[in-house]
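Participant: Below is the file entry-v2.txt, with compact mmCIF, C-alpha atoms.
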# COMPACT_ATOMS: atom_id res chain seq x y z
CA MET A 111 -5.13 -7.24 -30.05
CA PRO A 112 -4.12 -6.19 -26.52
CA ASP A 113 -3.78 -2.46 -25.89
CA ASP A 114 -0.11 -1.64 -25.30
CA GLN A 115 -0.75 2.05 -24.64
CA PRO A 116 -0.31 2.39 -20.85
CA LEU A 117 -3.50 2.97 -18.89
CA VAL A 118 -2.90 5.97 -16.62
CA LEU A 119 -3.87 5.02 -13.06
CA ASP A 120 -5.79 7.72 -11.20
CA PRO A 121 -3.65 8.97 -8.29
CA THR A 122 -6.78 10.13 -6.45
CA GLY A 123 -8.35 6.66 -6.43
CA ALA A 124 -11.70 8.28 -7.21
CA ASP A 125 -13.29 5.20 -8.81
CA HIS A 126 -11.04 2.21 -8.45
CA HIS A 127 -13.80 -0.26 -9.35
CA ALA A 128 -14.15 1.24 -12.83
CA GLU A 129 -10.37 1.24 -13.15
CA ASP A 130 -10.19 -2.41 -12.07
CA ARG A 131 -12.76 -3.36 -14.70
CA ALA A 132 -10.69 -1.53 -17.31
CA LEU A 133 -7.57 -3.41 -16.24
CA ARG A 134 -9.27 -6.80 -16.45
CA ALA A 135 -10.70 -5.92 -19.88
CA ARG A 136 -7.16 -5.34 -21.19
CA GLY A 137 -6.03 -8.89 -20.39
CA ALA A 138 -4.17 -10.80 -17.73
CA ALA A 139 -1.47 -8.12 -17.62
CA THR A 140 -1.34 -4.68 -19.18
CA PRO A 141 0.99 -1.68 -19.21
CA VAL A 142 -0.01 1.10 -16.84
CA ASP A 143 1.34 4.51 -15.95
CA ILE A 144 1.76 4.81 -12.19
CA LEU A 145 2.66 8.44 -11.47
CA GLY A 146 4.84 8.66 -14.55
CA VAL A 147 6.43 5.21 -14.31
CA THR A 148 5.41 2.41 -16.68
CA ALA A 149 4.76 -1.00 -15.15
CA TRP A 150 2.85 -4.17 -15.97
CA SER A 151 -0.36 -4.29 -13.93
CA VAL A 152 -1.31 -7.92 -13.31
CA SER A 153 -5.01 -8.41 -12.59
CA ASP A 154 -5.47 -12.07 -13.50
CA PRO A 155 -5.33 -14.04 -10.22
CA GLY A 156 -3.74 -17.13 -11.74
CA LEU A 157 -0.98 -15.18 -13.44
CA LEU A 158 -0.46 -13.01 -10.39
CA LYS A 159 -0.06 -16.01 -8.06
CA HIS A 160 2.34 -17.55 -10.55
CA LEU A 161 4.52 -14.42 -10.69
CA LEU A 162 4.48 -13.95 -6.92
CA THR A 163 6.03 -17.37 -6.42
CA ARG A 164 8.72 -17.23 -9.11
CA ALA A 165 12.34 -16.64 -8.23
CA CYS A 166 12.72 -14.62 -11.43
CA VAL A 167 10.54 -11.85 -9.97
CA SER A 168 12.25 -9.61 -7.43
CA LYS A 169 11.26 -6.77 -5.09
CA ASP A 170 14.78 -5.31 -4.93
CA ALA A 171 14.64 -2.17 -7.08
CA ARG A 172 18.28 -1.24 -6.59
CA ALA A 173 19.50 -4.60 -7.85
CA HIS A 174 16.90 -5.47 -10.47
CA TRP A 175 15.24 -2.33 -11.85
CA PRO A 176 17.46 -0.71 -14.47
CA ALA A 177 15.38 2.49 -14.29
CA PHE A 178 16.01 2.84 -10.55
CA ALA A 179 18.88 5.34 -10.62
CA ASP A 180 17.13 7.72 -13.02
CA THR A 181 13.59 7.25 -11.70
CA ALA A 182 13.61 6.86 -7.92
CA PRO A 183 15.00 10.32 -6.99
CA THR A 184 12.14 12.16 -8.72
CA TRP A 185 9.28 9.68 -8.32
CA PRO A 186 6.58 10.49 -5.73
CA LEU A 187 6.61 6.83 -4.66
CA ALA A 188 10.38 6.76 -4.14
CA LEU A 189 10.06 5.56 -0.55
CA TRP A 190 8.23 2.44 -1.74
CA VAL A 191 11.28 1.32 -3.70
CA THR A 192 14.15 2.80 -1.66
CA VAL A 193 13.20 1.80 1.90
CA ASP A 194 15.41 -0.95 3.34
CA ASN A 195 13.28 -3.71 4.86
CA MET A 196 11.91 -7.13 4.02
CA PHE A 197 9.24 -5.50 1.80
CA THR A 198 11.92 -4.50 -0.74
CA ALA A 199 14.32 -7.39 -0.13
CA TYR A 200 15.01 -10.39 -2.33
CA GLY A 201 16.46 -13.85 -1.78
CA SER A 202 18.71 -14.34 1.24
CA ASP A 203 18.29 -10.73 2.40
CA HIS A 204 14.53 -11.20 2.48
CA ARG A 205 14.81 -14.48 4.38
CA ARG A 206 17.16 -12.89 6.94
CA LEU A 207 14.92 -9.89 7.58
CA ARG A 208 11.72 -11.93 7.69
CA ARG A 209 13.29 -14.38 10.15
CA LEU A 210 14.01 -11.50 12.55
CA ILE A 211 10.41 -10.26 12.56
CA ALA A 212 8.46 -13.52 12.29
CA PRO A 213 8.56 -14.38 16.03
CA ALA A 214 6.52 -11.27 16.84
CA PHE A 215 3.65 -12.71 14.78
CA SER A 216 3.81 -16.35 15.89
CA ALA A 217 0.54 -18.17 16.53
CA ARG A 218 1.28 -18.15 20.26
CA ARG A 219 1.88 -14.40 20.39
CA VAL A 220 -1.21 -13.61 18.32
CA ALA A 221 -3.35 -15.87 20.55
CA ALA A 222 -1.97 -14.08 23.60
CA LEU A 223 -3.14 -10.77 22.12
CA ALA A 224 -6.77 -11.92 21.80
CA PRO A 225 -7.83 -10.77 25.31
CA VAL A 226 -5.87 -7.55 24.82
CA VAL A 227 -7.75 -6.81 21.60
CA GLU A 228 -11.04 -7.69 23.29
CA ASP A 229 -10.33 -5.24 26.12
CA LEU A 230 -9.25 -2.49 23.74
CA VAL A 231 -12.39 -2.78 21.62
CA THR A 232 -14.59 -2.92 24.71
CA GLY A 233 -13.00 0.26 26.04
CA ILE A 234 -13.47 2.06 22.73
CA LEU A 235 -17.12 0.99 22.55
CA ASP A 236 -17.71 2.03 26.17
CA ASP A 237 -16.71 5.55 25.18
CA LEU A 238 -18.97 5.47 22.14
CA ASP A 239 -21.83 4.11 24.23
CA ALA A 240 -21.69 7.24 26.37
CA LEU A 241 -22.62 9.43 23.39
CA PRO A 242 -26.22 10.67 23.13
CA ALA A 243 -28.59 8.56 21.04
CA GLY A 244 -28.72 9.77 17.47
CA GLU A 245 -25.28 11.40 17.52
CA VAL A 246 -23.16 10.74 14.45
CA VAL A 247 -19.70 9.30 15.05
CA ASP A 248 -16.88 8.75 12.58
CA LEU A 249 -16.09 5.06 13.11
CA ARG A 250 -12.94 5.28 11.00
CA GLU A 251 -11.53 7.81 13.42
CA HIS A 252 -13.04 6.44 16.63
CA LEU A 253 -12.81 2.66 16.16
CA ALA A 254 -10.96 1.61 13.01
CA TYR A 255 -7.94 3.79 13.82
CA PRO A 256 -7.44 3.56 17.61
CA LEU A 257 -7.62 -0.24 17.79
CA PRO A 258 -4.73 -1.19 15.45
CA ILE A 259 -2.60 1.75 16.55
CA ALA A 260 -2.94 0.61 20.17
CA VAL A 261 -2.05 -2.97 19.25
CA ILE A 262 1.03 -2.03 17.22
CA GLY A 263 2.03 0.39 19.97
CA ARG A 264 1.93 -2.42 22.49
CA MET A 265 4.03 -4.67 20.26
CA LEU A 266 6.63 -1.98 19.56
CA GLY A 267 6.66 -0.55 23.08
CA LEU A 268 5.53 2.89 21.92
CA SER A 269 3.07 5.21 23.58
CA SER A 270 -0.11 6.22 21.79
CA THR A 271 1.12 9.83 21.98
CA ARG A 272 4.29 9.02 20.07
CA LEU A 273 2.42 6.92 17.50
CA ASN A 274 -0.19 9.63 17.04
CA GLY A 275 2.68 12.00 16.31
CA LEU A 276 3.76 9.68 13.51
CA ARG A 277 0.26 9.25 12.14
CA THR A 278 0.06 12.16 9.70
CA VAL A 279 3.50 11.39 8.30
CA VAL A 280 2.73 7.69 7.85
CA ASP A 281 -0.65 8.46 6.28
CA ARG A 282 1.10 10.64 3.70
CA VAL A 283 3.28 7.70 2.67
CA PHE A 284 0.11 6.23 1.13
CA ASP A 285 -1.10 9.54 -0.39
CA THR A 286 -0.40 9.31 -4.11
CA THR A 287 -1.51 12.89 -4.82
CA LEU A 288 1.68 14.32 -3.31
CA SER A 289 4.31 15.84 -5.59
CA ALA A 290 7.78 14.35 -5.63
CA ASP A 291 9.06 17.24 -3.48
CA GLU A 292 6.21 16.85 -0.98
CA ALA A 293 6.79 13.11 -0.76
CA ALA A 294 10.54 13.58 -0.27
CA ALA A 295 9.96 16.09 2.52
CA ASN A 296 7.52 13.71 4.17
CA THR A 297 10.05 10.88 3.99
CA ALA A 298 12.70 13.10 5.59
CA THR A 299 10.31 13.92 8.43
CA LEU A 300 9.41 10.26 8.86
CA TYR A 301 13.04 9.20 9.11
CA GLN A 302 13.80 12.00 11.56
CA LEU A 303 10.95 10.89 13.83
CA LEU A 304 12.09 7.28 13.61
CA ASP A 305 15.68 8.19 14.43
CA GLU A 306 14.40 10.00 17.53
CA LEU A 307 12.35 6.95 18.46
CA ILE A 308 15.33 4.64 18.02
CA ALA A 309 17.52 6.88 20.17
CA MET A 310 14.87 6.94 22.90
CA LYS A 311 14.47 3.15 22.94
CA GLN A 312 18.21 2.63 22.80
CA ALA A 313 18.61 4.78 25.89
CA SER A 314 15.71 3.08 27.66
CA PRO A 315 15.08 -0.40 26.20
CA GLY A 316 12.11 -2.53 27.18
CA ASP A 317 10.53 -5.90 26.53
CA ASP A 318 9.26 -4.99 23.08
CA MET A 319 9.95 -5.48 19.39
CA THR A 320 11.65 -2.11 18.91
CA SER A 321 14.21 -2.86 21.62
CA LEU A 322 14.75 -6.34 20.18
CA LEU A 323 15.39 -4.91 16.72
CA ILE A 324 17.81 -2.34 18.13
CA ALA A 325 19.68 -5.10 19.92
CA THR A 326 19.82 -7.05 16.68
CA ARG A 327 21.22 -4.01 14.89
CA ASP A 328 23.96 -3.74 17.50
CA GLU A 329 25.01 -7.39 17.27
CA GLU A 330 28.18 -8.14 15.37
CA GLY A 331 29.84 -11.13 13.82
CA ASP A 332 27.03 -13.50 12.90
CA GLY A 333 25.99 -11.89 9.65
CA SER A 334 22.39 -11.31 10.73
CA ALA A 335 22.77 -7.86 12.27
CA LEU A 336 20.48 -5.13 10.99
CA SER A 337 22.01 -2.04 9.48
CA HIS A 338 20.63 1.27 10.73
CA ALA A 339 18.80 1.72 7.43
CA GLU A 340 17.23 -1.75 7.80
CA LEU A 341 16.21 -1.02 11.39
CA ARG A 342 14.58 2.24 10.40
CA GLY A 343 12.97 0.66 7.35
CA THR A 344 11.62 -2.24 9.40
CA LEU A 345 9.96 0.19 11.79
CA VAL A 346 8.41 2.00 8.82
CA LEU A 347 6.98 -1.33 7.66
CA MET A 348 5.69 -2.47 11.04
CA ILE A 349 4.08 0.86 11.93
CA SER A 350 2.51 1.55 8.54
CA ALA A 351 1.43 -2.00 7.69
CA GLY A 352 0.54 -2.63 11.33
CA TYR A 353 -2.26 -0.12 11.33
CA GLU A 354 -3.01 1.10 7.79
CA THR A 355 -4.26 -2.22 6.44
CA THR A 356 -6.28 -3.14 9.54
CA LEU A 357 -7.74 0.36 9.69
CA ASN A 358 -8.97 0.06 6.10
CA LEU A 359 -10.35 -3.44 6.63
CA ILE A 360 -12.43 -2.37 9.63
CA ASP A 361 -13.63 0.65 7.67
CA GLN A 362 -14.60 -1.41 4.61
CA ALA A 363 -16.21 -4.23 6.60
CA ILE A 364 -18.44 -1.82 8.54
CA THR A 365 -19.35 -0.02 5.32
CA SER A 366 -20.35 -3.26 3.59
CA LEU A 367 -22.37 -4.48 6.56
CA LEU A 368 -24.25 -1.20 6.96
CA THR A 369 -24.83 -0.89 3.22
CA ASP A 370 -26.60 -4.26 3.14
CA PRO A 371 -28.44 -5.09 6.39
CA ALA A 372 -28.92 -8.67 5.13
CA GLN A 373 -25.24 -9.30 5.84
CA PRO A 374 -25.24 -8.82 9.63
CA ALA A 375 -28.58 -10.65 9.63
CA HIS A 376 -26.81 -13.65 8.08
CA VAL A 377 -24.36 -13.64 10.99
CA ARG A 378 -27.09 -13.36 13.61
CA ALA A 379 -28.98 -16.22 11.97
CA GLY A 380 -25.87 -18.42 11.95
CA ARG A 381 -25.61 -18.63 8.17
CA CYS A 382 -22.04 -17.33 8.45
CA ASP A 383 -19.80 -15.91 11.16
CA TRP A 384 -17.62 -12.86 11.68
CA ASN A 385 -14.61 -14.63 10.23
CA ASP A 386 -16.61 -15.08 7.03
CA VAL A 387 -17.31 -11.35 7.01
CA VAL A 388 -13.60 -10.63 7.39
CA GLU A 389 -12.64 -12.94 4.53
CA GLU A 390 -15.32 -11.53 2.23
CA THR A 391 -14.13 -8.00 3.04
CA LEU A 392 -10.57 -9.03 2.20
CA ARG A 393 -11.82 -10.37 -1.12
CA HIS A 394 -14.32 -7.66 -1.96
CA GLU A 395 -12.51 -4.53 -0.70
CA PRO A 396 -8.87 -5.39 0.10
CA ALA A 397 -6.98 -2.82 2.16
CA ILE A 398 -4.39 -2.43 -0.62
CA LYS A 399 -5.53 -1.94 -4.22
CA HIS A 400 -2.18 -1.87 -6.02
CA LEU A 401 1.15 -2.73 -4.41
CA PRO A 402 4.34 -1.30 -5.94
CA MET A 403 6.62 -2.86 -7.20
CA ARG A 404 8.27 -6.04 -8.47
CA TYR A 405 10.79 -6.54 -11.27
CA ALA A 406 11.36 -9.23 -13.89
CA LEU A 407 14.81 -10.80 -13.74
CA GLU A 408 14.28 -12.48 -17.12
CA ASP A 409 11.83 -12.30 -20.00
CA ILE A 410 8.43 -13.63 -18.90
CA PRO A 411 6.01 -14.71 -21.67
CA LEU A 412 2.34 -13.81 -21.16
CA PRO A 413 -0.68 -15.92 -22.19
CA ASP A 414 -1.60 -13.48 -24.99
CA GLY A 415 1.81 -13.68 -26.66
CA ARG A 416 3.30 -10.52 -25.19
CA THR A 417 6.36 -10.53 -22.95
CA ILE A 418 7.33 -8.80 -19.73
CA ARG A 419 10.95 -8.00 -20.50
CA ALA A 420 13.79 -8.45 -18.02
CA GLY A 421 14.12 -5.31 -15.93
CA GLU A 422 10.54 -4.16 -16.41
CA ALA A 423 8.42 -3.29 -13.38
CA ILE A 424 5.38 -5.30 -12.27
CA LEU A 425 2.45 -3.94 -10.25
CA ALA A 426 0.37 -6.40 -8.22
CA SER A 427 -3.22 -5.22 -8.71
CA TYR A 428 -4.85 -7.11 -5.86
CA ALA A 429 -8.26 -5.40 -5.91
CA ALA A 430 -8.77 -6.14 -9.60
CA ALA A 431 -7.61 -9.74 -9.20
CA ASN A 432 -9.85 -10.38 -6.20
CA ARG A 433 -13.00 -9.58 -8.17
CA HIS A 434 -12.01 -11.37 -11.34
CA PRO A 435 -15.10 -13.17 -12.73
CA ASP A 436 -12.97 -16.16 -13.75
CA TRP A 437 -12.25 -16.64 -10.05
CA HIS A 438 -15.52 -15.68 -8.36
CA GLY A 439 -18.13 -15.82 -11.08
CA HIS A 440 -20.60 -13.31 -12.48
CA ASP A 441 -21.42 -11.94 -9.01
CA ALA A 442 -17.80 -11.23 -8.03
CA ASP A 443 -18.70 -7.55 -7.44
CA LEU A 444 -21.33 -8.53 -4.86
CA PHE A 445 -20.45 -8.58 -1.16
CA ASP A 446 -21.81 -11.84 0.22
CA ALA A 447 -20.49 -13.17 3.53
CA THR A 448 -22.23 -16.49 2.83
CA ARG A 449 -20.28 -16.95 -0.41
CA ALA A 450 -18.90 -20.51 -0.50
CA THR A 451 -15.47 -19.50 -1.80
CA LYS A 452 -13.85 -16.29 -0.58
CA ASP A 453 -10.29 -16.88 -1.79
CA HIS A 454 -8.30 -13.68 -2.24
CA LEU A 455 -4.85 -12.16 -2.55
CA ALA A 456 -5.35 -9.36 -0.03
CA PHE A 457 -2.33 -10.43 2.03
CA GLY A 458 -0.19 -11.24 -0.99
CA HIS A 459 1.10 -14.66 -1.97
CA GLY A 460 4.33 -16.58 -1.82
CA VAL A 461 7.40 -15.66 0.23
CA HIS A 462 6.19 -12.09 0.78
CA TYR A 463 2.83 -13.19 2.24
CA CYS A 464 1.93 -10.76 5.03
CA LEU A 465 3.25 -11.87 8.43
CA GLY A 466 0.61 -9.82 10.19
CA ALA A 467 -2.38 -11.49 8.50
CA PRO A 468 -3.50 -13.54 11.56
CA LEU A 469 -3.32 -10.47 13.81
CA ALA A 470 -5.26 -8.33 11.35
CA ARG A 471 -7.95 -11.00 11.09
CA LEU A 472 -8.20 -11.18 14.88
CA GLU A 473 -8.54 -7.42 15.26
CA VAL A 474 -11.16 -6.99 12.54
CA ALA A 475 -13.30 -9.96 13.64
CA THR A 476 -13.22 -8.80 17.26
CA ALA A 477 -14.11 -5.22 16.36
CA LEU A 478 -17.05 -6.30 14.20
CA ARG A 479 -18.41 -8.83 16.69
CA LEU A 480 -18.39 -6.42 19.61
CA LEU A 481 -19.58 -3.41 17.59
CA PHE A 482 -22.63 -5.12 16.11
CA THR A 483 -23.47 -6.83 19.40
CA ARG A 484 -23.38 -3.50 21.25
CA PHE A 485 -25.05 -1.45 18.50
CA PRO A 486 -27.36 -3.73 16.47
CA ASP A 487 -29.27 -0.70 15.13
CA ALA A 488 -26.23 1.12 13.75
CA ARG A 489 -26.81 2.83 10.40
CA LEU A 490 -24.72 4.85 7.98
CA ALA A 491 -25.37 8.55 8.53
CA VAL A 492 -24.97 9.29 4.80
CA PRO A 493 -25.66 7.22 1.68
CA ALA A 494 -22.78 4.88 0.93
CA THR A 495 -22.35 6.63 -2.43
CA GLU A 496 -21.38 9.81 -0.59
CA LEU A 497 -18.44 8.24 1.27
CA ARG A 498 -15.24 9.76 -0.12
CA PRO A 499 -12.30 7.48 -0.93
CA LEU A 500 -8.81 8.16 0.36
CA PRO A 501 -6.69 10.11 -2.14
CA THR A 502 -4.52 7.20 -3.15
CA LEU A 503 -4.19 4.42 -5.69
CA ILE A 504 -2.61 2.19 -3.03
CA SER A 505 -4.80 2.21 0.10
CA ASN A 506 -8.48 1.32 -0.01
CA GLY A 507 -10.49 3.18 2.59
CA HIS A 508 -12.64 6.24 3.19
CA MET A 509 -11.84 9.74 4.36
CA SER A 510 -14.42 9.25 7.10
CA LEU A 511 -17.15 6.78 8.05
CA PRO A 512 -20.08 8.64 9.65
CA VAL A 513 -22.40 6.28 11.50
CA ARG A 514 -25.41 6.76 13.77
CA LEU A 515 -24.96 4.04 16.37
CA ARG A 516 -28.43 4.33 17.91
CA PRO A 517 -31.60 5.96 16.62
CA VAL A 518 -32.71 9.23 18.17
CA ALA A 519 -34.68 8.57 21.34
CA ARG A 520 -38.35 9.44 21.02
Can the structure in the file be given as structure tokens, please?
Facilitator:
Amino acid sequence: MPDDQPLVLDPTGADHHAEDRALRARGAATPVDILGVTAWSVSDPGLLKHLLTRACVSKDARAHWPAFADTAPTWPLALWVTVDNMFTAYGSDHRRLRRLIAPAFSARRVAALAPVVEDLVTGILDDLDALPAGEVVDLREHLAYPLPIAVIGRMLGLSSTRLNGLRTVVDRVFDTTLSADEAAANTATLYQLLDELIAMKQASPGDDMTSLLIATRDEEGDGSALSHAELRGTLVLMISAGYETTLNLIDQAITSLLTDPAQPAHVRAGRCDWNDVVEETLRHEPAIKHLPMRYALEDIPLPDGRTIRAGEAILASYAAANRHPDWHGHDADLFDATRATKDHLAFGHGVHYCLGAPLARLEVATALRLLFTRFPDARLAVPATELRPLPTLISNGHMSLPVRLRPVAR
């Protein structure tokens, strides 16, 4: 019989692989405790894709989560269910908000960013190349972070100084070890900084997405205007998703490649390419492990005879689903860039599929190609087992990524 006692998810994310195995062992979906809130974790990829495409599953907590009023004010992850943007929208509201943002991520705009990304990575690597041979550098801090933050800054028309000022606050949005009071204070600081940013761009608009969104907020009469809360929430989404996921993907890809030297050797030998490495990273170590939350609008029967009841919360457990042996076989836990099938759910599925996926792929592939071309002898400076995970059950990255780019000169 399935275990209906909720599995308590570790807020520190200390060993998410063991946790993912436990989730899969409990069936296609299982009750979990996520910081005091009970939800159905879905780790079976087929069931998860099915639920992510059904109109009877919503992301609007205010409208479709009966526990919202009593739970959200005291839940450490309140921001994840109270923020107003397309991430938490449903139906026509979601379509309206997505339609406003989609042009920024069109194929033409992403293609136009390719030389920009190339130049940014080259500049970052030039600085790293100036370091003495044998010196250890944290590639999370000095490559994985500055690249996506520079790209999202360019898109939003924000200086690196202003974005760096937001960094600590945005990082804490993903920290699931914060108390409810700490998380609420962090949200208040985040909104204050965003209100200051909006006021600055309103006073001095430019040819950028922030100014465009502000103009959309100020339009009247056509029914598509953003409210102030939606404007602020959209900036939260673009800034956090615009760098957090790409940062973690670069981190995890480098870690996997340096843990198994056969992988970059496959690329150099032409057995796969950097895009294959990116896709295998997305499958093997997705940037987001669990994504809160969705809500059942009606009773949903499960394959094992249980039922997700109307109003109950659903947690998309992407990391567990991506390594499901029914999807990728007995070696699903193995990183293999030459793997024939690298299908994954790292960017979601259905109407909420990540708009920024093509840009993230471009950034990660470019960073890896130029890094391993410039520094073919790069090695981890510590055993991979000593890399510390971020303190979160949401994000999937490391506290730091110490690498020795060149051996000590003899």
Participant: Using all atoms listed in the file for the distances, tell me which of A:Arg172, A:Arg498, A:Arg277, A:Lys399 is nearest to Ser350 in chain A.
Facilitator: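 Of A:Arg172, A:Arg498, A:Arg277, A:Lys399, the one nearest Ser350 in chain A is A:Arg277, counting all atoms listed in the file.
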Participant: If you count only C-alpha atoms, which residues fall within 8 Å of Leu158 in chain A, apart from same-chain ones fewer than 6 positions away, as a count of residues only?
Facilitator: 3
Participant: How many Å lie between CA of Val193 in chain A and CA of Lys311 in chain A, rounded to one decimal?
Facilitator: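 Between CA of Val193 in chain A and CA of Lys311 in chain A the gap works out to 21.1 Å.
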Participant: Ranking A:Glu389, A:Asp487, A:Glu422, A:Asp203 by minimum distance to Ile360 in chain A and counting only C-alpha atoms, which one comes first?
Facilitator: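 Distance minimum relative to Ile360 in chain A lands on A:Glu389.
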Participant: CA of Thr326 in chain A to CA of Leu465 in chain A: how many Å, to one decimal?
Facilitator: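 A separation of 19.1 Å between them.
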Participant: Between CA of Ile424 in chain A and CA of His174 in chain A, what is the distance in Å, rounded to a tenth?
Facilitator: 11.7 Å
Participant: Can you tell me, as a PyMOL selection string, what residues are no more than 12 Å from range 222-229 of chain A when counting only C-alpha atoms, ignoring any on the same chain fewer than 5 positions away?
Facilitator: chain A and resi 214-217+234-236+256-262+264-265+468-481
Participant: From the list A:Tyr405, A:Phe178, A:Trp384, A:Tyr301, which residue is nearest Leu345 in chain A when using only C-alpha atoms?
Facilitator: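 Result for the nearest residue to Leu345 in chain A: A:Tyr301.
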Participant: Taking only C-alpha atoms into account, which of A:Val167, A:Leu412, A:Val280, A:Leu322 comes nearest Ile349 in chain A?
Facilitator: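 Between A:Val167, A:Leu412, A:Val280, A:Leu322, the residue approaching Ile349 in chain A most closely is A:Val280.
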Participant: May I have the residues within 9 Å of Ala447 in chain A as a ChimeraX atom specification, using only C-alpha atoms and disregarding those fewer than 5 positions away in the same chain?
Facilitator: /A:373-374,376-377,381-384,386-391,452
Participant: Which residue is closest to Ala295 in chain A? Choose from A:Leu241, A:Leu207, A:Ala128, A:Ala188 and count all atoms listed in the file.
Facilitator: A:Ala188
Participant: Excluding same-chain residues fewer than 5 positions from Ala406 in chain A, what lies within 7 Å of it counting all atoms listed in the file, as number ranges by chain?
Facilitator: A: 166-168, 419-423
Participant: Give me, as a PyMOL selection string, all polymer residues having an atom no more than 12 Å from Leu238 in chain A, counting only C-alpha atoms and skipping those fewer than 3 positions away in the same chain.
Facilitator: chain A and resi 231-235+241-249+251-253+481+484-485+488+513-516
Participant: What would the list of residues within 8 Å of (-3.5, -13.2, -24.3) (file frame) look like as a ChimeraX atom specification, if all atoms listed in the file are what count?
Facilitator: /A:112,137-138,412-416
Participant: Got time to write the residues from that selection, C-alpha atoms, as a PDB file, in the frame of the given file?
Facilitator:
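Output contents, as saved in result_25.pdb:
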ATOM      1  CA  PRO A 112      -4.120  -6.190 -26.520  1.00  0.00           C
ATOM      2  CA  GLY A 137      -6.030  -8.890 -20.390  1.00  0.00           C
ATOM      3  CA  ALA A 138      -4.170 -10.800 -17.730  1.00  0.00           C
ATOM      4  CA  LEU A 412       2.340 -13.810 -21.160  1.00  0.00           C
ATOM      5  CA  PRO A 413      -0.680 -15.920 -22.190  1.00  0.00           C
ATOM      6  CA  ASP A 414      -1.600 -13.480 -24.990  1.00  0.00           C
ATOM      7  CA  GLY A 415       1.810 -13.680 -26.660  1.00  0.00           C
ATOM      8  CA  ARG A 416       3.300 -10.520 -25.190  1.00  0.00           C
TER       9      ARG A 416
END
Participant: Nearest to His459 in chain A: which of A:Thr356, A:Leu307, A:Arg218, A:Tyr428 is it, counting only C-alpha atoms?
Facilitator: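 Between A:Thr356, A:Leu307, A:Arg218, A:Tyr428, the residue approaching His459 in chain A most closely is A:Tyr428.
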